[in-house]
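Right, one structure below, let's go through it.
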Amino acid sequence: MPYIAGVSTSVPPHVLRQERAKGFAEQLFGPRIQHLLPVFDHALIDERHFATEPEWFLTSHTFTETNDRYIETSLVLAEDVVRKLVLQCGLSTEAFDAIFFVSTTGLSTPSIDARLFNRLNFHSHIKRIPIWGLGCAGGVGAIARASEYVRAFPTHRALVLSIELCSLAFQLGDRSKSNIIASALFADGAAAALIAGDEVEPQKSNFSKPTIVTTLSTTYPDTLDVMGWRISSEGFHIVLSRDIPSIVTSLVRANIEELLSTNGLTVPDIRHYVAHPGGAKVMDAYREALLLTNGELRHSYDVLRHFGNMSSATVFFILEQVLMETVETTGEYGLMSALGPGFSSELVLLHWE
């Protein structure tokens with residue numbers, strides 16, 4: 001079966017503590033948002049990393065300026081995580097047969113993976129698969145698609161690269177509840193993972209290498225307005241429904257049980273969770289739906305606290321922690337999960353052999 005051969009992460013250098021972010025919001029939006037400021041306190045976030053210094057957000061910027069910043073910063077972060085990954089796995093960048101690039105927070109044609117080609121020595125015949133629009137579900141979705149690719153080509157290695165610069169979608173003049181919540185929750189980050197076919201000899205490292213047993217993608221009907229971006233001449237405007245936690249509670253367990261049942265498993269068989277932390281209320285909904293009471297989501301909460309919600313990149317930060325913790329693990333199952341625009345779900349079942 002395909003397996004996860006390595007994972008690396010990176011964040012931009014500008015760090016913003018949550019209490020300072022709350023003060024910025026009050027300064028920018030004035031007294032009319034006083035009733036919304038508690039979301040900064042309840043988000044379970046201590047600090048986040050941004051693509052630019054906090055003062056940059058005090059003035060308006062055109063969509064062109066913002067998107068140029070997205071391309072510039074994405075290339076720096078992408079190069080960093082790929083170099084970390086090849087060093088970790090003992091490979092050269094020419095060893096990748098395919099690259100799955102996922103992002104939903106900026107626009108670029110040629111896509112970032114093509115621009116990265118001119119910075120790193122990728123093989124000239126590498127297959128490029130840019131994925132745009134999956135939002136928070138993109139990281140798990142890209143791992144799923146990469147695993148399907150190497151299942152078809154078992155001697156190949158697929159690079160999964162995620163770059164999300166959510167802060168650049170901030171809208172200075174938008175006093176909507178969704179924009180305030182986004183200001184309290186979202187952050188920037190990058191990650192890379194190597195998904196290898198089962199005929200690729202594993203390299204020794206300090207990480208475990210779980211196999212990818214199966215995947216499940218689900219799109220729920222009549223849910224287009226639950227989550228996403230509305231793109232205008234000013235840039236990206238966040239779309240977030242207040243119903244997301246209740247949707248998680250009502251739908252996620254059945255979705256996970258559907259995946260597990262095809263492999264003769266039930267929810268109690270899952271020992272390791274790599275669950276995208278959409279926010280504090282979403283994590284509470286996961287715990288309620290799956291009856292998790294023994295700290296199974298501790299890595300998700302930890303990443304949320306120290307990095308915030310980095311959209312599709314977040315799940316790699318959680319995966320990194322889980323792989324470091326499970327070096328000696330055998331015979332146990334794990335589950336990667338994330339929700340995104342569509343409204344959709346992506347699931348990946350892992351097994352430590």
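Ligands are numbered from 1 in the order shown, chains are lettered A, B, ... in the order of the structure tokens, and residues start at 1 in each chain.
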Practice problem: Please identify all polymer residues within 6 Å of stretch 153-169 of chain A, counting only C-alpha atoms, omitting same-chain residues fewer than 2 positions from it, and present them as a ChimeraX atom specification. | Solution: /A:96-103,105,150-151,186-200,236,313
Self-check item: Residue list (strand (DSSP E or B), DSSP) for stretch 11-215 of chain A, as a PyMOL selection string
Solution: chain A and resi 14-17+47-50+98-103+127-132+157-165+186+188-196+211-215
Keeping N, CA and C atoms, export the residues of the selection given above as a CSV table (one decimal), in the first residue's frame.
chain,number,residue,atom,x,y,z
A,14,HIS,N,6.6,36.5,10.8
A,14,HIS,CA,5.9,37.5,11.6
A,14,HIS,C,4.9,36.8,12.5
A,15,VAL,N,5.1,37.0,13.8
A,15,VAL,CA,4.3,36.3,14.8
A,15,VAL,C,3.4,37.3,15.5
A,16,LEU,N,2.1,37.0,15.7
A,16,LEU,CA,1.2,37.9,16.3
A,16,LEU,C,0.5,37.1,17.4
A,17,ARG,N,0.7,37.6,18.7
A,17,ARG,CA,0.0,37.1,19.8
A,17,ARG,C,-1.5,37.4,19.7
A,47,GLU,N,-1.0,32.2,19.5
A,47,GLU,CA,-0.3,33.0,18.6
A,47,GLU,C,-0.5,32.5,17.2
A,48,ARG,N,-0.2,33.3,16.2
A,48,ARG,CA,-0.3,32.9,14.8
A,48,ARG,C,0.9,33.5,14.0
A,49,HIS,N,1.2,33.0,12.8
A,49,HIS,CA,2.2,33.5,12.0
A,49,HIS,C,1.6,34.1,10.7
A,50,PHE,N,2.1,35.3,10.3
A,50,PHE,CA,1.5,36.0,9.1
A,50,PHE,C,2.6,36.2,8.1
A,98,ALA,N,5.8,13.2,-9.2
A,98,ALA,CA,4.7,14.0,-9.4
A,98,ALA,C,4.6,15.0,-8.2
A,99,ILE,N,4.0,16.2,-8.5
A,99,ILE,CA,3.8,17.2,-7.4
A,99,ILE,C,2.3,17.6,-7.4
A,100,PHE,N,1.7,17.4,-6.3
A,100,PHE,CA,0.3,17.9,-6.0
A,100,PHE,C,0.4,19.2,-5.2
A,101,PHE,N,0.1,20.3,-5.9
A,101,PHE,CA,0.2,21.6,-5.2
A,101,PHE,C,-1.2,22.0,-4.8
A,102,VAL,N,-1.5,22.3,-3.6
A,102,VAL,CA,-2.8,22.7,-3.1
A,102,VAL,C,-2.7,24.1,-2.4
A,103,SER,N,-3.6,25.0,-2.7
A,103,SER,CA,-3.8,26.3,-2.1
A,103,SER,C,-5.1,26.9,-2.5
A,127,LYS,N,5.3,15.3,-13.1
A,127,LYS,CA,3.9,15.6,-13.4
A,127,LYS,C,3.3,16.6,-12.4
A,128,ARG,N,2.7,17.7,-12.9
A,128,ARG,CA,2.2,18.7,-12.0
A,128,ARG,C,0.7,18.7,-12.0
A,129,ILE,N,0.2,18.6,-10.7
A,129,ILE,CA,-1.2,18.6,-10.5
A,129,ILE,C,-1.6,19.7,-9.5
A,130,PRO,N,-1.8,20.9,-10.0
A,130,PRO,CA,-2.3,22.0,-9.1
A,130,PRO,C,-3.7,21.8,-8.7
A,131,ILE,N,-4.0,21.9,-7.4
A,131,ILE,CA,-5.4,21.8,-6.9
A,131,ILE,C,-5.8,23.1,-6.2
A,132,TRP,N,-6.9,23.7,-6.7
A,132,TRP,CA,-7.3,25.0,-6.1
A,132,TRP,C,-8.8,24.9,-5.7
A,157,ARG,N,7.2,8.4,-6.5
A,157,ARG,CA,7.1,9.2,-5.3
A,157,ARG,C,6.4,10.5,-5.6
A,158,ALA,N,5.4,10.8,-4.8
A,158,ALA,CA,4.6,12.0,-5.1
A,158,ALA,C,4.8,13.0,-4.0
A,159,LEU,N,5.1,14.3,-4.4
A,159,LEU,CA,5.3,15.4,-3.5
A,159,LEU,C,4.0,16.1,-3.3
A,160,VAL,N,3.5,16.2,-2.1
A,160,VAL,CA,2.3,17.0,-1.8
A,160,VAL,C,2.8,18.3,-1.1
A,161,LEU,N,2.4,19.4,-1.7
A,161,LEU,CA,2.8,20.8,-1.2
A,161,LEU,C,1.6,21.6,-1.0
A,162,SER,N,1.5,22.2,0.2
A,162,SER,CA,0.4,23.0,0.6
A,162,SER,C,0.9,24.4,1.1
A,163,ILE,N,0.4,25.5,0.5
A,163,ILE,CA,0.7,26.8,0.9
A,163,ILE,C,-0.6,27.6,1.1
A,164,GLU,N,-0.8,28.1,2.3
A,164,GLU,CA,-2.0,28.9,2.6
A,164,GLU,C,-1.6,30.2,3.3
A,165,LEU,N,-1.9,31.3,2.7
A,165,LEU,CA,-1.6,32.6,3.3
A,165,LEU,C,-3.0,33.3,3.6
A,186,PHE,N,-7.8,32.6,11.5
A,186,PHE,CA,-6.9,32.1,10.4
A,186,PHE,C,-5.5,32.6,10.5
A,188,ASP,N,-1.2,31.8,8.6
A,188,ASP,CA,-0.4,31.4,7.4
A,188,ASP,C,0.6,30.3,7.7
A,189,GLY,N,0.7,29.4,6.7
A,189,GLY,CA,1.7,28.3,6.9
A,189,GLY,C,1.9,27.5,5.6
A,190,ALA,N,2.9,26.6,5.6
A,190,ALA,CA,3.2,25.8,4.5
A,190,ALA,C,3.7,24.4,4.9
A,191,ALA,N,3.5,23.5,4.1
A,191,ALA,CA,3.9,22.1,4.5
A,191,ALA,C,4.1,21.3,3.2
A,192,ALA,N,4.8,20.2,3.4
A,192,ALA,CA,5.1,19.3,2.3
A,192,ALA,C,5.1,17.8,2.9
A,193,ALA,N,4.7,16.9,2.0
A,193,ALA,CA,4.7,15.5,2.4
A,193,ALA,C,5.1,14.7,1.2
A,194,LEU,N,5.8,13.6,1.5
A,194,LEU,CA,6.2,12.6,0.5
A,194,LEU,C,5.3,11.4,0.6
A,195,ILE,N,4.6,11.1,-0.4
A,195,ILE,CA,3.7,9.9,-0.5
A,195,ILE,C,4.4,8.9,-1.5
A,196,ALA,N,4.7,7.7,-1.0
A,196,ALA,CA,5.5,6.8,-1.8
A,196,ALA,C,4.7,5.6,-2.1
A,211,THR,N,1.0,3.4,6.4
A,211,THR,CA,0.4,3.2,5.1
A,211,THR,C,-0.9,3.8,5.0
A,212,ILE,N,-1.3,4.1,3.8
A,212,ILE,CA,-2.6,4.7,3.5
A,212,ILE,C,-3.5,3.6,3.0
A,213,VAL,N,-4.5,3.2,3.8
A,213,VAL,CA,-5.3,2.1,3.6
A,213,VAL,C,-6.4,2.4,2.5
A,214,THR,N,-7.1,3.5,2.7
A,214,THR,CA,-8.1,3.9,1.8
A,214,THR,C,-8.5,5.3,2.1
A,215,THR,N,-9.3,5.9,1.2
A,215,THR,CA,-9.7,7.3,1.3
A,215,THR,C,-11.2,7.4,1.0
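With only C-alpha atoms as the atoms that count, the residue of A:Val303, A:Ala144, A:Ile112, A:Ala254 with the shortest distance to A:Thr73 is A:Ile112.
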Practice problem: Using only C-alpha atoms, determine which residues lie at most 6 Å from stretch 316-327 of chain A, disregarding the query and same-chain residues fewer than 2 positions distant; provide the list as an NGL selection string. | Solution: :A and (207-208 or 274 or 299-300 or 313-314 or 329)
Self-check item: Selected residue, from A:Leu304, A:Met1, A:Leu172, A:Leu87, that lies nearest to A:Glu148 when counting only C-alpha atoms
Solution: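 Going through A:Leu304, A:Met1, A:Leu172, A:Leu87 one by one, the smallest distance to A:Glu148 is for A:Met1.
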Self-check item: d(atom CA of A:Glu72, atom CA of A:Thr104) in Å
Solution: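 About the pair atom CA of A:Glu72 and atom CA of A:Thr104: they are 15.4 Å apart.
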Quiz item: Given the choices A:Pro2, A:Gly279, A:Thr218, A:Gly342, which gets closest to A:Ala152 if the distance is worked out from only C-alpha atoms?
Solution: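 Ranked by minimum distance to A:Ala152, first place goes to A:Pro2.
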When you look at A:Tyr220 with a cut-off of 9 Å (counting only C-alpha atoms), what residues show up, excluding the ones that are within fewer than 6 positions of it in the same chain? I need them as an mmCIF file with C-alpha atoms, in the first residue's frame.
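Contents of selection-v6.cif, freshly written:
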data_model
loop_
_atom_site.group_PDB
_atom_site.id
_atom_site.type_symbol
_atom_site.label_atom_id
_atom_site.label_comp_id
_atom_site.auth_asym_id
_atom_site.auth_seq_id
_atom_site.Cartn_x
_atom_site.Cartn_y
_atom_site.Cartn_z
ATOM 1 C CA GLY A 342 -18.499 22.297 -1.221
ATOM 2 C CA PHE A 343 -19.501 21.621 1.614
ATOM 3 C CA SER A 344 -17.242 18.578 1.557
ATOM 4 C CA SER A 345 -15.297 16.079 3.623
#
Practice problem: Identify which of the residues A:Leu297, A:Leu107, A:Leu120, A:Ile247 lies closest to A:Glu65, counting only C-alpha atoms when measuring atom-to-atom distances. | Solution: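 Of the candidates, the smallest distance to A:Glu65 is held by A:Leu107.
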Quiz item: Mind checking DSSP for stretch 11-219 of chain A and telling me the helix (DSSP H, G or I) residues as a PyMOL selection string?
Solution: chain A and resi 18-36+38-42+54-58+63-89+93-95+112-117+135-152+166-169+177-185
